[in-house]
Every structure is written in structure tokens, then in C-alpha cells.
$ cat upload37.pdb   # PDB, C-alpha atoms, pLDDT in the B column
ATOM      1  CA  MET A  36       9.300 -12.882 -40.131  1.00 45.00           C
ATOM      2  CA  ILE A  37      10.182 -12.955 -36.428  1.00 48.00           C
ATOM      3  CA  LYS A  38      13.786 -13.143 -35.440  1.00 48.00           C
ATOM      4  CA  VAL A  39      14.804 -14.391 -31.988  1.00 49.00           C
ATOM      5  CA  SER A  40      18.296 -14.408 -30.667  1.00 43.00           C
ATOM      6  CA  TYR A  41      19.849 -15.175 -27.332  1.00 52.00           C
ATOM      7  CA  SER A  42      23.188 -15.302 -25.672  1.00 53.00           C
ATOM      8  CA  LEU A  43      24.401 -17.418 -22.815  1.00 49.00           C
ATOM      9  CA  LYS A  44      26.914 -16.011 -20.400  1.00 58.00           C
ATOM     10  CA  GLN A  45      29.251 -18.622 -19.028  1.00 57.00           C
ATOM     11  CA  VAL A  46      29.424 -18.552 -15.241  1.00 58.00           C
ATOM     12  CA  ASN A  47      31.527 -20.278 -12.670  1.00 62.00           C
ATOM     13  CA  LEU A  48      29.152 -22.817 -11.130  1.00 65.00           C
ATOM     14  CA  GLN A  49      31.178 -23.094  -7.918  1.00 67.00           C
ATOM     15  CA  ALA A  50      31.044 -19.329  -7.358  1.00 65.00           C
ATOM     16  CA  TYR A  51      27.293 -19.375  -7.974  1.00 66.00           C
ATOM     17  CA  GLN A  52      26.784 -22.181  -5.437  1.00 70.00           C
ATOM     18  CA  LYS A  53      28.882 -20.274  -2.903  1.00 71.00           C
ATOM     19  CA  ASN A  54      26.693 -17.210  -3.431  1.00 77.00           C
ATOM     20  CA  LEU A  55      23.555 -19.296  -2.898  1.00 77.00           C
ATOM     21  CA  GLY A  56      24.902 -20.295   0.510  1.00 78.00           C
ATOM     22  CA  ARG A  57      25.482 -16.643   1.332  1.00 86.00           C
ATOM     23  CA  LEU A  58      21.995 -15.800   0.080  1.00 85.00           C
ATOM     24  CA  SER A  59      20.580 -18.385   2.485  1.00 87.00           C
ATOM     25  CA  GLN A  60      22.363 -16.605   5.347  1.00 91.00           C
ATOM     26  CA  VAL A  61      21.005 -13.217   4.275  1.00 91.00           C
ATOM     27  CA  VAL A  62      17.440 -14.543   4.054  1.00 92.00           C
ATOM     28  CA  GLY A  63      17.731 -16.139   7.493  1.00 93.00           C
ATOM     29  CA  LYS A  64      19.131 -12.933   8.967  1.00 95.00           C
ATOM     30  CA  ALA A  65      16.317 -10.868   7.446  1.00 95.00           C
ATOM     31  CA  ALA A  66      13.676 -13.201   8.900  1.00 95.00           C
ATOM     32  CA  ALA A  67      15.339 -13.057  12.329  1.00 97.00           C
ATOM     33  CA  ASP A  68      15.587  -9.259  12.070  1.00 97.00           C
ATOM     34  CA  ILE A  69      11.875  -8.988  11.225  1.00 96.00           C
ATOM     35  CA  GLN A  70      11.047 -11.191  14.204  1.00 97.00           C
ATOM     36  CA  GLY A  71      13.261  -9.081  16.464  1.00 98.00           C
ATOM     37  CA  GLU A  72      11.987  -5.708  15.238  1.00 98.00           C
ATOM     38  CA  ALA A  73       8.340  -6.769  15.557  1.00 97.00           C
ATOM     39  CA  SER A  74       8.881  -8.108  19.084  1.00 97.00           C
ATOM     40  CA  LYS A  75      10.849  -5.023  20.100  1.00 97.00           C
ATOM     41  CA  SER A  76       8.130  -2.675  18.826  1.00 97.00           C
ATOM     42  CA  ILE A  77       5.542  -4.445  20.990  1.00 96.00           C
ATOM     43  CA  ALA A  78       7.753  -4.442  24.085  1.00 94.00           C
ATOM     44  CA  MET A  79       8.342  -0.665  23.822  1.00 93.00           C
ATOM     45  CA  ASN A  80       4.668   0.199  24.532  1.00 87.00           C
ATOM     46  CA  SER A  81       3.312   2.870  22.227  1.00 85.00           C
ATOM     47  CA  GLY A  82       1.341   4.988  24.675  1.00 90.00           C
ATOM     48  CA  LYS A  83      -2.088   4.930  26.275  1.00 92.00           C
ATOM     49  CA  TYR A  84      -5.255   5.124  24.206  1.00 92.00           C
ATOM     50  CA  ARG A  85      -8.087   3.286  25.966  1.00 91.00           C
ATOM     51  CA  GLN A  86      -8.110   1.333  29.186  1.00 92.00           C
ATOM     52  CA  TYR A  87      -9.584  -2.169  29.382  1.00 88.00           C
ATOM     53  CA  GLY A  88      -9.262  -3.366  32.971  1.00 90.00           C
ATOM     54  CA  ASP A  89      -5.555  -3.197  33.752  1.00 90.00           C
ATOM     55  CA  HIS A  90      -4.569  -2.977  30.069  1.00 88.00           C
ATOM     56  CA  TRP A  91      -4.128   0.206  28.045  1.00 92.00           C
ATOM     57  CA  SER A  92      -4.527  -0.198  24.298  1.00 92.00           C
ATOM     58  CA  SER A  93      -2.036   1.570  22.080  1.00 95.00           C
ATOM     59  CA  PRO A  94      -3.098   4.437  19.823  1.00 95.00           C
ATOM     60  CA  PRO A  95      -4.411   3.288  16.421  1.00 95.00           C
ATOM     61  CA  GLY A  96      -1.675   2.792  13.851  1.00 96.00           C
ATOM     62  CA  THR A  97       1.008   2.046  16.470  1.00 96.00           C
ATOM     63  CA  PRO A  98       2.259  -1.365  17.647  1.00 97.00           C
ATOM     64  CA  PRO A  99       0.140  -2.958  20.359  1.00 96.00           C
ATOM     65  CA  ASN A 100       1.137  -2.541  23.980  1.00 95.00           C
ATOM     66  CA  SER A 101       2.403  -5.579  25.841  1.00 93.00           C
ATOM     67  CA  ASP A 102       1.088  -6.832  29.167  1.00 89.00           C
ATOM     68  CA  THR A 103       2.425 -10.364  29.385  1.00 92.00           C
ATOM     69  CA  GLY A 104       4.855 -10.649  26.461  1.00 94.00           C
ATOM     70  CA  THR A 105       2.775 -13.424  24.896  1.00 96.00           C
ATOM     71  CA  LEU A 106       2.294 -11.674  21.545  1.00 97.00           C
ATOM     72  CA  ALA A 107       5.941 -10.651  21.198  1.00 97.00           C
ATOM     73  CA  GLY A 108       7.059 -14.132  22.219  1.00 97.00           C
ATOM     74  CA  SER A 109       4.754 -15.762  19.679  1.00 97.00           C
ATOM     75  CA  ILE A 110       6.517 -14.188  16.676  1.00 97.00           C
ATOM     76  CA  LYS A 111       8.771 -16.811  15.097  1.00 97.00           C
ATOM     77  CA  ALA A 112      11.010 -16.969  12.027  1.00 96.00           C
ATOM     78  CA  LYS A 113      10.745 -20.490  10.618  1.00 95.00           C
ATOM     79  CA  PRO A 114      12.875 -21.863   7.773  1.00 94.00           C
ATOM     80  CA  LEU A 115      10.964 -23.461   4.898  1.00 92.00           C
ATOM     81  CA  THR A 116      13.865 -24.127   2.519  1.00 89.00           C
ATOM     82  CA  ALA A 117      17.480 -23.009   2.314  1.00 80.00           C
ATOM     83  CA  THR A 118      16.429 -19.651   0.866  1.00 82.00           C
ATOM     84  CA  SER A 119      12.888 -19.305   2.203  1.00 90.00           C
ATOM     85  CA  TYR A 120      11.614 -18.354   5.658  1.00 93.00           C
ATOM     86  CA  LEU A 121       8.199 -17.706   7.093  1.00 93.00           C
ATOM     87  CA  VAL A 122       7.649 -15.219   9.922  1.00 95.00           C
ATOM     88  CA  VAL A 123       4.570 -16.310  11.865  1.00 95.00           C
ATOM     89  CA  VAL A 124       2.558 -14.957  14.770  1.00 96.00           C
ATOM     90  CA  GLU A 125       1.278 -17.826  16.882  1.00 97.00           C
ATOM     91  CA  ALA A 126      -0.902 -15.741  19.227  1.00 97.00           C
ATOM     92  CA  LYS A 127      -4.480 -15.989  17.927  1.00 96.00           C
ATOM     93  CA  TYR A 128      -5.043 -12.235  18.352  1.00 95.00           C
ATOM     94  CA  GLY A 129      -1.919 -11.272  16.392  1.00 97.00           C
ATOM     95  CA  VAL A 130      -3.537 -11.021  12.957  1.00 96.00           C
ATOM     96  CA  PRO A 131      -6.535  -8.950  14.151  1.00 96.00           C
ATOM     97  CA  LEU A 132      -4.139  -6.558  15.885  1.00 96.00           C
ATOM     98  CA  GLU A 133      -2.006  -6.283  12.740  1.00 96.00           C
ATOM     99  CA  LEU A 134      -4.958  -5.687  10.393  1.00 96.00           C
ATOM    100  CA  GLY A 135      -7.762  -4.302  12.567  1.00 97.00           C
ATOM    101  CA  TRP A 136     -11.161  -5.939  13.036  1.00 95.00           C
ATOM    102  CA  ILE A 137     -14.877  -5.432  13.577  1.00 96.00           C
ATOM    103  CA  SER A 138     -15.915  -5.840  17.230  1.00 93.00           C
ATOM    104  CA  LYS A 139     -18.914  -7.872  18.354  1.00 94.00           C
ATOM    105  CA  ALA A 140     -20.778  -4.560  18.722  1.00 95.00           C
ATOM    106  CA  GLY A 141     -20.078  -3.810  15.041  1.00 96.00           C
ATOM    107  CA  ASN A 142     -17.445  -1.121  15.617  1.00 94.00           C
ATOM    108  CA  HIS A 143     -14.279  -0.956  13.537  1.00 95.00           C
ATOM    109  CA  VAL A 144     -11.186  -1.419  15.694  1.00 94.00           C
ATOM    110  CA  PRO A 145      -8.199   0.139  13.894  1.00 97.00           C
ATOM    111  CA  ALA A 146      -5.027  -1.833  13.231  1.00 97.00           C
ATOM    112  CA  ARG A 147      -2.046  -1.833  15.567  1.00 97.00           C
ATOM    113  CA  PRO A 148       0.570  -2.970  13.023  1.00 97.00           C
ATOM    114  CA  PHE A 149       3.807  -4.530  14.191  1.00 97.00           C
ATOM    115  CA  LEU A 150       4.843  -6.886  11.359  1.00 96.00           C
ATOM    116  CA  ARG A 151       4.489  -4.550   8.379  1.00 95.00           C
ATOM    117  CA  PRO A 152       6.640  -1.846  10.007  1.00 96.00           C
ATOM    118  CA  ALA A 153       9.250  -4.486  10.867  1.00 96.00           C
ATOM    119  CA  VAL A 154       9.339  -5.692   7.256  1.00 95.00           C
ATOM    120  CA  GLU A 155       9.597  -2.105   5.997  1.00 95.00           C
ATOM    121  CA  TYR A 156      12.476  -1.433   8.399  1.00 97.00           C
ATOM    122  CA  VAL A 157      14.439  -4.561   7.398  1.00 96.00           C
ATOM    123  CA  ALA A 158      13.718  -4.439   3.634  1.00 95.00           C
ATOM    124  CA  PRO A 159      16.372  -1.884   2.530  1.00 95.00           C
ATOM    125  CA  SER A 160      19.292  -3.715   4.159  1.00 95.00           C
ATOM    126  CA  PHE A 161      17.973  -7.079   2.912  1.00 93.00           C
ATOM    127  CA  GLN A 162      17.635  -5.800  -0.656  1.00 92.00           C
ATOM    128  CA  ALA A 163      21.098  -4.239  -0.579  1.00 92.00           C
ATOM    129  CA  ALA A 164      22.664  -7.479   0.713  1.00 90.00           C
ATOM    130  CA  CYS A 165      20.899  -9.521  -1.997  1.00 86.00           C
ATOM    131  CA  LYS A 166      22.132  -7.189  -4.737  1.00 84.00           C
ATOM    132  CA  VAL A 167      25.717  -7.510  -3.552  1.00 84.00           C
ATOM    133  CA  ILE A 168      25.514 -11.298  -3.442  1.00 82.00           C
ATOM    134  CA  LEU A 169      23.754 -11.660  -6.798  1.00 75.00           C
ATOM    135  CA  LYS A 170      26.365  -9.429  -8.439  1.00 75.00           C
ATOM    136  CA  GLY A 171      29.086 -11.730  -7.089  1.00 70.00           C
ATOM    137  CA  GLY A 172      30.385  -9.396  -4.385  1.00 61.00           C
ATOM    138  CA  LYS A 173      31.193 -10.203  -0.807  1.00 61.00           C
TER     139      LYS A 173
END

$ encode --input "upload37.pdb" --output "C-alpha cells"
Amino acid sequence: MIKVSYSLKQVNLQAYQKNLGRLSQVVGKAAADIQGEASKSIAMNSGKYRQYGDHWSSPPGTPPNSDTGTLAGSIKAKPLTATSYLVVVEAKYGVPLELGWISKAGNHVPARPFLRPAVEYVAPSFQAACKVILKGGK
């Protein structure tokens, strides 16, 4: 014999809806913070590794160096729903820089991550804000 039981906690629907609105604000702020941190990391220039014409690449594992600001300016936080955002990189070379790639000569070019570190930087404050809201706090 299998016994199943459950309990239903009564909640104030209006308070829950108010918290959902606050959650939407927290999600939007986190997406904007990720966009800002990623752009800022690129603008700071991470040092000189190899020179390609007038451009110096950053050391592997550090955010890419900026020449024109195109990459940093192509990072956008876009709302999908009230509680869902997408952070995109519109520059076509953004993903290869983030993940690394294989050159035409067959050499592995190490990643110059800028999004992952931004997410890791923003995550603790985002998680803390969500916990407060979901527990009904302000």
C-alpha cells in the first residue's frame, strides 16, 4: 500500500503578484548588470599578448581588448517576458572570443571570456535578491 499526502498553504494572491513584479525588476537589473560588466571588462583592456597590425590581443583567459568598442557595444540585454531576459552579443566574433576557436591554420586560439565572468560576478547578488523576494521580504 502506498500512502500519499499533501498540504496546501494558503497564500495572499495579491502579495504574490506584487512579488512577481519585484522579481521582474530584479531579473531586468541582473541582465543589465551582466551587460554592463561584460562591456566594462572589454573596455578595460587586459594587457598585451600578441600584436596583429595595430591591435594587441589580450592574454588567453582574459577579456578581449577593445580597439573600436564594437564588441562591447554589441552586448545587449533584451527582455523576452516579464521575468525572462536574454543577454546577446551581436558582433559576429563575440562567441569565438568567448569560447575560443580553431584558426584556419588549424591552431587552437584560447578563449577570451567576457560574458561568463560577468554572469559569475552578478550571480550572487541576483540569487540573494531572488531569495528575499520569494520569501516575501522587501

$ resolve_selection --input "upload37.pdb" --expression "the PyMOL selection byres ((chain A and resi 80) around 10)" --output "ChimeraX atom specification"
/A:75-79,81-83,91-93,97-102

$ atom_distance --input "upload37.pdb" --atom1 "CA of Pro131 in chain A" --atom2 "CA of Pro152 in chain A"
15.5 Å

$ resolve_selection --input "upload37.pdb" --expression "the PyMOL selection byres ((chain A and resi 52-66) around 10)" --output "PyMOL selection string"
chain A and resi 47-51+67-72+111-114+116-122+153-154+157-158+160-162+164-173

$ resolve_selection --input "upload37.pdb" --expression "the PyMOL selection byres ((chain A and resi 132) around 9)" --output "list in words"
Pro98, Pro99, Tyr128, Gly129, Val130, Pro131, Glu133, Leu134, Gly135, Trp136, Val144, Pro145, Ala146, Arg147, Pro148 and Phe149 of chain A

$ write_last_selection --input "upload37.pdb" --atoms "C-alpha atoms" --output "compact mmCIF listing (two decimals), keeping the file's coordinate frame"
# COMPACT_ATOMS: atom_id res chain seq x y z
CA PRO A 98 2.26 -1.36 17.65
CA PRO A 99 0.14 -2.96 20.36
CA TYR A 128 -5.04 -12.24 18.35
CA GLY A 129 -1.92 -11.27 16.39
CA VAL A 130 -3.54 -11.02 12.96
CA PRO A 131 -6.54 -8.95 14.15
CA GLU A 133 -2.01 -6.28 12.74
CA LEU A 134 -4.96 -5.69 10.39
CA GLY A 135 -7.76 -4.30 12.57
CA TRP A 136 -11.16 -5.94 13.04
CA VAL A 144 -11.19 -1.42 15.69
CA PRO A 145 -8.20 0.14 13.89
CA ALA A 146 -5.03 -1.83 13.23
CA ARG A 147 -2.05 -1.83 15.57
CA PRO A 148 0.57 -2.97 13.02
CA PHE A 149 3.81 -4.53 14.19

$ atom_distance --input "upload37.pdb" --atom1 "CA of Thr105 in chain A" --atom2 "CA of Glu125 in chain A"
9.3 Å

$ atom_distance --input "upload37.pdb" --atom1 "CA of Gly108 in chain A" --atom2 "CA of Pro159 in chain A"
25.0 Å

$ closest_residue --input "upload37.pdb" --among "A:Glu155, A:Ala126, A:Pro95, A:Ile110" --to "His143 in chain A" --atoms "only C-alpha atoms"
A:Pro95

$ closest_residue --input "upload37.pdb" --among "A:Tyr156, A:Leu150, A:Ala73, A:Ala163" --to "Ala107 in chain A" --atoms "all atoms listed in the file"
A:Ala73

$ build_atoms --input "upload37.pdb" --residues "range 83-116 of chain A" --atoms "N, CA and C atoms" --output "short mmCIF file (atom, residue, chain, number, x, y, z; two decimals), in the frame of the given file"
data_model
loop_
_atom_site.label_atom_id
_atom_site.label_comp_id
_atom_site.auth_asym_id
_atom_site.auth_seq_id
_atom_site.Cartn_x
_atom_site.Cartn_y
_atom_site.Cartn_z
N LYS A 83 -0.78 5.33 25.75
CA LYS A 83 -2.09 4.93 26.28
C LYS A 83 -3.19 5.54 25.43
N TYR A 84 -4.13 4.68 25.02
CA TYR A 84 -5.26 5.12 24.21
C TYR A 84 -6.57 4.88 24.95
N ARG A 85 -6.89 3.64 25.20
CA ARG A 85 -8.09 3.29 25.97
C ARG A 85 -7.73 2.22 26.99
N GLN A 86 -8.39 2.30 28.14
CA GLN A 86 -8.11 1.33 29.19
C GLN A 86 -9.19 0.24 29.20
N TYR A 87 -8.72 -1.01 29.27
CA TYR A 87 -9.58 -2.17 29.38
C TYR A 87 -9.11 -2.95 30.60
N GLY A 88 -9.74 -2.75 31.74
CA GLY A 88 -9.26 -3.37 32.97
C GLY A 88 -7.90 -2.79 33.31
N ASP A 89 -6.92 -3.65 33.45
CA ASP A 89 -5.56 -3.20 33.75
C ASP A 89 -4.75 -2.85 32.49
N HIS A 90 -5.29 -3.17 31.33
CA HIS A 90 -4.57 -2.98 30.07
C HIS A 90 -4.93 -1.65 29.41
N TRP A 91 -3.93 -0.98 28.88
CA TRP A 91 -4.13 0.21 28.04
C TRP A 91 -3.84 -0.19 26.60
N SER A 92 -4.80 0.05 25.72
CA SER A 92 -4.53 -0.20 24.30
C SER A 92 -3.61 0.90 23.78
N SER A 93 -2.90 0.58 22.72
CA SER A 93 -2.04 1.57 22.08
C SER A 93 -2.88 2.44 21.16
N PRO A 94 -2.38 3.62 20.80
CA PRO A 94 -3.10 4.44 19.82
C PRO A 94 -3.20 3.71 18.48
N PRO A 95 -4.28 3.92 17.74
CA PRO A 95 -4.41 3.29 16.42
C PRO A 95 -3.21 3.61 15.53
N GLY A 96 -2.79 2.61 14.77
CA GLY A 96 -1.68 2.79 13.85
C GLY A 96 -0.31 2.57 14.47
N THR A 97 -0.26 2.31 15.79
CA THR A 97 1.01 2.05 16.47
C THR A 97 1.03 0.59 16.92
N PRO A 98 2.21 0.03 17.19
CA PRO A 98 2.26 -1.36 17.65
C PRO A 98 1.47 -1.54 18.94
N PRO A 99 0.91 -2.73 19.14
CA PRO A 99 0.14 -2.96 20.36
C PRO A 99 1.03 -2.91 21.60
N ASN A 100 0.43 -2.52 22.71
CA ASN A 100 1.14 -2.54 23.98
C ASN A 100 1.20 -3.97 24.51
N SER A 101 2.22 -4.25 25.28
CA SER A 101 2.40 -5.58 25.84
C SER A 101 2.06 -5.59 27.32
N ASP A 102 1.34 -6.61 27.74
CA ASP A 102 1.09 -6.83 29.17
C ASP A 102 1.90 -8.02 29.67
N THR A 103 1.82 -9.12 28.93
CA THR A 103 2.42 -10.36 29.38
C THR A 103 3.61 -10.81 28.54
N GLY A 104 3.79 -10.23 27.37
CA GLY A 104 4.86 -10.65 26.46
C GLY A 104 4.46 -11.81 25.57
N THR A 105 3.22 -12.27 25.69
CA THR A 105 2.78 -13.42 24.90
C THR A 105 2.82 -13.14 23.40
N LEU A 106 2.30 -12.00 22.98
CA LEU A 106 2.29 -11.67 21.54
C LEU A 106 3.71 -11.58 21.00
N ALA A 107 4.56 -10.81 21.66
CA ALA A 107 5.94 -10.65 21.20
C ALA A 107 6.67 -11.99 21.17
N GLY A 108 6.42 -12.82 22.16
CA GLY A 108 7.06 -14.13 22.22
C GLY A 108 6.52 -15.13 21.22
N SER A 109 5.36 -14.83 20.64
CA SER A 109 4.75 -15.76 19.68
C SER A 109 5.21 -15.51 18.25
N ILE A 110 6.02 -14.50 18.02
CA ILE A 110 6.52 -14.19 16.68
C ILE A 110 7.75 -15.05 16.42
N LYS A 111 7.69 -15.86 15.38
CA LYS A 111 8.77 -16.81 15.10
C LYS A 111 9.17 -16.76 13.63
N ALA A 112 10.47 -16.82 13.38
CA ALA A 112 11.01 -16.97 12.03
C ALA A 112 11.30 -18.45 11.82
N LYS A 113 10.62 -19.05 10.85
CA LYS A 113 10.74 -20.49 10.62
C LYS A 113 11.27 -20.76 9.21
N PRO A 114 12.35 -21.54 9.11
CA PRO A 114 12.88 -21.86 7.77
C PRO A 114 11.95 -22.83 7.04
N LEU A 115 11.73 -22.56 5.75
CA LEU A 115 10.96 -23.46 4.90
C LEU A 115 11.90 -24.24 3.99
N THR A 116 12.83 -23.53 3.36
CA THR A 116 13.86 -24.13 2.52
C THR A 116 15.16 -23.38 2.83
#
